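What follows is a set of notes on a single structure, which appears directly below.
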Amino acid sequence: MAKAFKYGLKGITGFLEPTERELLRSLIDDVISMLEPAEREGQDPLAALIGLDMDVAEPTDRAVKRLLPNVVKDDGAASLEFRQLTERSLRETKIGALRAAALDLDKDEIVLTPEGAKHWSMALNDVRLVLAERLDIRDEEDAEHVHRMQDWSQAEDVESYLALVYNFTTWLQESLVQAMLQSMETRR
Amino acid sequence: MTISVAPGPDTREGIRTGTAESTDSLAAPDIPWNLVIWNDPVNLMSYVSYVFQSYFGYPESKANKLMMEVHKKGRSIVAHGSKEQVERHAVAMHGFGLWATVEKASGAAGTSGRGKGKRG
């Protein structure tokens with residue numbers, strides 16, 4: 001069984017079983033593959049180098065759109081213009097945090113620096129956003145419904161399995177953020 | 001937003017600093033853009049508060065107040081600034097997975113979330 005993250009003398013520490021680490025690793029890999037920008041023919045290499053992407057489009061996949069949302073509400077054109085300038089580097093920021101978290105999954109005991117904890121919280125959040133889209137969580141009531149699924153012996157279909165995975169990542173992120181808030185307080 | 005599911009430590013009374021007052025006084029009345037954070041049923045309340053504290057440098061009390069406003073009213077203006085400033089904040093918020101948009105401040109600029117966004 002995983003142990004909740006806690007803040008102590010060694011910093012922020014947590015413990016995950018091998019199967020839990022494998023699960024997290026595959027979730028993280030899934031999100032990374034959703035975020036990796038497609039390499040296109042005839043792309044301007046200089047533009048790509050400085051982070052511009054003039055061929056970018058609003059994502060069609062809802063989960064990807066939740067990870068990379070429009071910056072101006074009800075204004076697709078202004079949002080698209082902003083995407084051309086920023087989306088590539090936003091994808092890279094997210095992939096960076098996800099890869100950093102995946103690297104920490106090599107050992108049972110996880111010991112995090114403040115920067116590592118930040119990457120973990122961002123990675124877990126993106127994993128949860130994607131799972132929530134797959135589970136069709138649209139409002140607080142849906143979230144509450146999913147949250148009631150706590151018993152692994154009830155996992156008989158893909159949806160209930162996903163709900164349990166979502167609840168596990170929620171629990172893990174909550175314990176991590178509580179440890180991070182505690183460490184911020186100590187450093188103040 | 002969703003509430004905590006793990007029992008958290010019960011010793012979280014933050015140390016009050018002068019940050020809230022000093023950022024408030026920096027907010028010029030004619031600054032024309034707002035950074036808006038929208039509610040969603042996934043992001044943890046604790047995480048949203050952590051992001052407001054760590055990124056903007058807001059004290060715990062102010063971060064929690066803005067977080068509760070997002071949760072209850074569906075949205076909150078959490079920072080003001082030039083278009084470039086709030087756009088930079090929006091990208092950072094998207095990096096954290098928060099749902100952020102920018103908008104031109106209307107005549108009666110937000111009654112809450114005063115204080116120019118500032119890195120802590």
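Chain identifiers are assigned as A, B, and so on, following the order in which chains appear in the structure tokens; residues are numbered from 1 within each chain, and ligands are numbered from 1 in order of appearance.
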List as a PyMOL selection string the protein and nucleic acid residues near segment 41-48 of chain B, meaning an atom at most 7 Å away when only C-alpha atoms are counted, but skip any in the same chain fewer than 3 places from it. (chain A and resi 129+132+138-140+143+177) or (chain B and resi 1-4+51-52+67)
For Ala117 of chain A, find every residue with an atom within 9 Å (counting only C-alpha atoms), except residues of its own chain fewer than 3 positions away, and show them as a PDB file with N, CA, C and O atoms, in the first residue's frame.
ATOM      1  N   ILE A  12      10.175  16.199   1.650  1.00  0.00           N
ATOM      2  CA  ILE A  12       8.886  15.575   1.366  1.00  0.00           C
ATOM      3  C   ILE A  12       9.139  14.139   0.894  1.00  0.00           C
ATOM      4  O   ILE A  12       9.873  13.922  -0.076  1.00  0.00           O
ATOM      5  N   ALA A 101       8.836  13.629 -12.807  1.00  0.00           N
ATOM      6  CA  ALA A 101       8.122  12.763 -11.863  1.00  0.00           C
ATOM      7  C   ALA A 101       8.368  11.296 -12.201  1.00  0.00           C
ATOM      8  O   ALA A 101       8.610  10.472 -11.311  1.00  0.00           O
ATOM      9  N   VAL A 111      11.810  10.639  -2.361  1.00  0.00           N
ATOM     10  CA  VAL A 111      12.269  11.777  -1.563  1.00  0.00           C
ATOM     11  C   VAL A 111      12.342  12.974  -2.505  1.00  0.00           C
ATOM     12  O   VAL A 111      13.062  12.927  -3.504  1.00  0.00           O
ATOM     13  N   LEU A 112      11.579  14.019  -2.201  1.00  0.00           N
ATOM     14  CA  LEU A 112      11.450  15.126  -3.140  1.00  0.00           C
ATOM     15  C   LEU A 112      12.065  16.419  -2.633  1.00  0.00           C
ATOM     16  O   LEU A 112      11.870  16.812  -1.480  1.00  0.00           O
ATOM     17  N   THR A 113      12.811  17.100  -3.501  1.00  0.00           N
ATOM     18  CA  THR A 113      13.237  18.478  -3.245  1.00  0.00           C
ATOM     19  C   THR A 113      12.015  19.373  -3.468  1.00  0.00           C
ATOM     20  O   THR A 113      11.024  18.926  -4.064  1.00  0.00           O
ATOM     21  N   PRO A 114      12.074  20.643  -3.024  1.00  0.00           N
ATOM     22  CA  PRO A 114      10.936  21.536  -3.300  1.00  0.00           C
ATOM     23  C   PRO A 114      10.600  21.598  -4.793  1.00  0.00           C
ATOM     24  O   PRO A 114       9.427  21.566  -5.177  1.00  0.00           O
ATOM     25  N   TRP A 120       6.036  17.090  -9.318  1.00  0.00           N
ATOM     26  CA  TRP A 120       5.107  15.991  -9.020  1.00  0.00           C
ATOM     27  C   TRP A 120       3.668  16.489  -8.938  1.00  0.00           C
ATOM     28  O   TRP A 120       2.751  15.846  -9.440  1.00  0.00           O
ATOM     29  N   SER A 121       3.478  17.635  -8.273  1.00  0.00           N
ATOM     30  CA  SER A 121       2.096  18.123  -8.114  1.00  0.00           C
ATOM     31  C   SER A 121       1.518  18.511  -9.472  1.00  0.00           C
ATOM     32  O   SER A 121       0.346  18.258  -9.758  1.00  0.00           O
ATOM     33  N   MET A 122       2.361  19.097 -10.345  1.00  0.00           N
ATOM     34  CA  MET A 122       1.890  19.465 -11.681  1.00  0.00           C
ATOM     35  C   MET A 122       1.576  18.204 -12.504  1.00  0.00           C
ATOM     36  O   MET A 122       0.557  18.141 -13.202  1.00  0.00           O
ATOM     37  N   LEU A 176       0.362  15.064  -1.134  1.00  0.00           N
ATOM     38  CA  LEU A 176       1.560  15.796  -1.562  1.00  0.00           C
ATOM     39  C   LEU A 176       1.383  17.301  -1.339  1.00  0.00           C
ATOM     40  O   LEU A 176       2.271  17.969  -0.800  1.00  0.00           O
ATOM     41  N   VAL A 177       0.231  17.838  -1.741  1.00  0.00           N
ATOM     42  CA  VAL A 177       0.024  19.293  -1.615  1.00  0.00           C
ATOM     43  C   VAL A 177      -0.004  19.699  -0.136  1.00  0.00           C
ATOM     44  O   VAL A 177       0.542  20.736   0.240  1.00  0.00           O
ATOM     45  N   MET A 180       3.477  19.915   0.904  1.00  0.00           N
ATOM     46  CA  MET A 180       4.117  21.095   0.309  1.00  0.00           C
ATOM     47  C   MET A 180       3.705  22.373   1.051  1.00  0.00           C
ATOM     48  O   MET A 180       4.533  23.257   1.296  1.00  0.00           O
TER      49      MET A 180
END
Within 9 Å of chain B, which residues of chain A show up when using only C-alpha atoms, listed as a PyMOL selection string? chain A and resi 4+66-73+82+86-87+90-91+93-94+121-123+125-126+128-129+132+137-144+147+167+170-175+177-182+184-185+188
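Minimum atom-to-atom distance to Arg21 of chain A, evaluated using only C-alpha atoms, belongs to A:Leu103 out of A:Arg88, A:Gln154, A:Leu103, A:Gly8.
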Run DSSP on the backbone and tell me which residues of segment 48-95 of chain B come out as alpha helix (DSSP H); list them as a ChimeraX atom specification. /B:48-56,60-73,83-95
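Atom pair atom CA of Pro59 of chain B / atom CA of Lys73 of chain B: separated by 21.1 Å.
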For Leu35 of chain A, which of A:Ser89, A:Ser79, A:Thr13, A:Thr19 is the closest residue, counting only C-alpha atoms? A:Ser89
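On the backbone of this structure, DSSP gives strand (DSSP E or B) within segment 64-174 of chain A to Glu109, Ile110, Val111 and Leu112 of chain A.
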Identify which of the residues A:Ala97, A:Leu85, A:Ile32, A:Leu105 lies closest to Met54 of chain A, counting only C-alpha atoms when measuring atom-to-atom distances. A:Leu85
Of the listed residues B:Ile37, B:Gly57, B:Lys62, B:Ala105, that which approaches Gly81 of chain B most closely, counting only C-alpha atoms: B:Ala105
